Amino acid sequence: MAQTKFIKKESLSAWLEELGQDHEVLAPRFEGDSIIFRPYDSEKGFFIDREATAPPKKAIFPQSETLLEYSQIKDMENLSKIAMDVKETIPTTSYVVFGNRPCDARGFTMFDRVYLNGDKVDVYYKARRENTYFITLSCEKGEATCFCNAVGSGPSDPSGSDLLMTPVKDGYYIESISKRGEELLKSSLLTDGSKMKAEAEKYKKAADASMNKAPDFAGSPEKLLAVFDNGAFWEEMSDKCISCGACTYLCPTCYCFNITDEANGLKGTRIRSWDNCMSAQFTSEASGHNPRPAKANRLKNRVGHKFSYYPDLHDGVISCCGCGRCIKSCPVGVDIRQIVLSAIAYKPATKKEA
Ligand code: SF4
Ligand code: SF4
């Protein structure tokens, strides 16, 4: 049975300090105009009153990470013979992500189906995933750009979280969601929360009711395939796009990467870094051929992947958690909801009767 606890608002910092003894705690705070997850620093505090500008991907899927280091060892008796010494760098840091929203934690469940897929496991991702805990904060109300309610989620969805915190009078009601989340509840700063359950449930219901009417994405996999070869449709949808990539870099469900080797003589480092399917270079081949030469091709891929190809492969699950960050951050107002709805509503022009 789930454990339920209560913590006073003024005790949160002390709890984070305690958690910091065994884990690296990532908490959101202001940097300039943006709210970014950073290692918790008691002097700088945290800010959890709004969704962070960027999701906390750093913990499990960092922007750049070293996968291995290698060195070539020459046989001086036989110079054509070279041995290779490879040292994998499997990450061991244990992270606690604090104050993320439900859509951020749910985003990693989209990664899991790809990176922890049967016998095709990404060992770096797995190590970080198993070493990262999410203390998620329920949302108070939906913003104009939120549509988690259209993709099988909601403002207090616990999927992917270890603990769920819900604001109540003078503090937070905390529920354990995963068994391992209970490990984080041992602090004496936390008291029995069972009396706050009703108040927390009321808060969650009010948040559900505050959401805008959910756009209906039913049929998106087939409808997007139906317009796959419709160049004019994708030209129109991508007309405003300036290929800046903000939508992919800020997306909690985008998981593409590139691998580069940085060599220094006979030694080198293999690095994985985020890639961006909205960039013209993303599919550029060594021959010079680019199968997605225009932004219309690239936007089609981005939207098609999330609302058609991924659901086709993964039991109908849409690979978007409805956080709305791509809509909020797009400098020219491209709205992924409108693109999917336009594809669903699209009707080919019929020939006029002679
Ligand atoms: S596609 Fe947009 S709304 Fe969906 S998860 Fe990514 S950033 Fe959020
Ligand atoms: S944020 Fe907007 S302009 Fe930038 S790549 Fe994405 S859709 Fe295009």
# chains A, B, ... in the order shown; residues from 1 in each chain; ligands from 1
$ residues_near_ligand --ligand "ligand 2" --cutoff "9 Å" --atoms "only C-alpha atoms and all ligand atoms" --output "ChimeraX atom specification"
/A:238,240-249,276-279,295,299,326-336
$ residues_around --residues "A:Ser308" --least-positions-apart "6" --cutoff "12 Å" --atoms "only C-alpha atoms" --output "PyMOL selection string"
chain A and resi 217-228+300-302+314-320+340+343-344
$ residues_around --residues "stretch 74-91 of chain A" --least-positions-apart "3" --cutoff "8 Å" --atoms "only C-alpha atoms" --output "PyMOL selection string"
chain A and resi 66-71+123-124+127-128
$ closest_residue --among "A:Asn117, A:Thr92, A:Asn258, A:Ser11" --to "A:Asp170" --atoms "only C-alpha atoms"
A:Ser11
$ closest_atom_pairs --of "chain A" --to "ligand 1" --cutoff "6 Å" --atoms "only C-alpha atoms and all ligand atoms" --output "JSON lines"
{"residue": "A:Cys247", "atom": "CA", "partner": "ligand 1", "partner_atom_place_in_ligand_line": "7 (S)", "distance": 5.9}
{"residue": "A:Leu250", "atom": "CA", "partner": "ligand 1", "partner_atom_place_in_ligand_line": "7 (S)", "distance": 5.9}
{"residue": "A:Cys251", "atom": "CA", "partner": "ligand 1", "partner_atom_place_in_ligand_line": "7 (S)", "distance": 3.6}
{"residue": "A:Pro252", "atom": "CA", "partner": "ligand 1", "partner_atom_place_in_ligand_line": "5 (S)", "distance": 5.4}
{"residue": "A:Thr253", "atom": "CA", "partner": "ligand 1", "partner_atom_place_in_ligand_line": "5 (S)", "distance": 5.3}
{"residue": "A:Cys320", "atom": "CA", "partner": "ligand 1", "partner_atom_place_in_ligand_line": "4 (Fe)", "distance": 3.8}
{"residue": "A:Cys321", "atom": "CA", "partner": "ligand 1", "partner_atom_place_in_ligand_line": "5 (S)", "distance": 4.3}
{"residue": "A:Gly322", "atom": "CA", "partner": "ligand 1", "partner_atom_place_in_ligand_line": "3 (S)", "distance": 4.0}
{"residue": "A:Cys323", "atom": "CA", "partner": "ligand 1", "partner_atom_place_in_ligand_line": "8 (Fe)", "distance": 4.0}
{"residue": "A:Gly324", "atom": "CA", "partner": "ligand 1", "partner_atom_place_in_ligand_line": "3 (S)", "distance": 3.7}
{"residue": "A:Arg325", "atom": "CA", "partner": "ligand 1", "partner_atom_place_in_ligand_line": "7 (S)", "distance": 4.4}
{"residue": "A:Cys326", "atom": "CA", "partner": "ligand 1", "partner_atom_place_in_ligand_line": "7 (S)", "distance": 4.1}
$ closest_residue --among "A:Lys347, A:Pro167, A:Tyr255, A:Arg298" --to "A:Glu235" --atoms "only C-alpha atoms"
A:Arg298
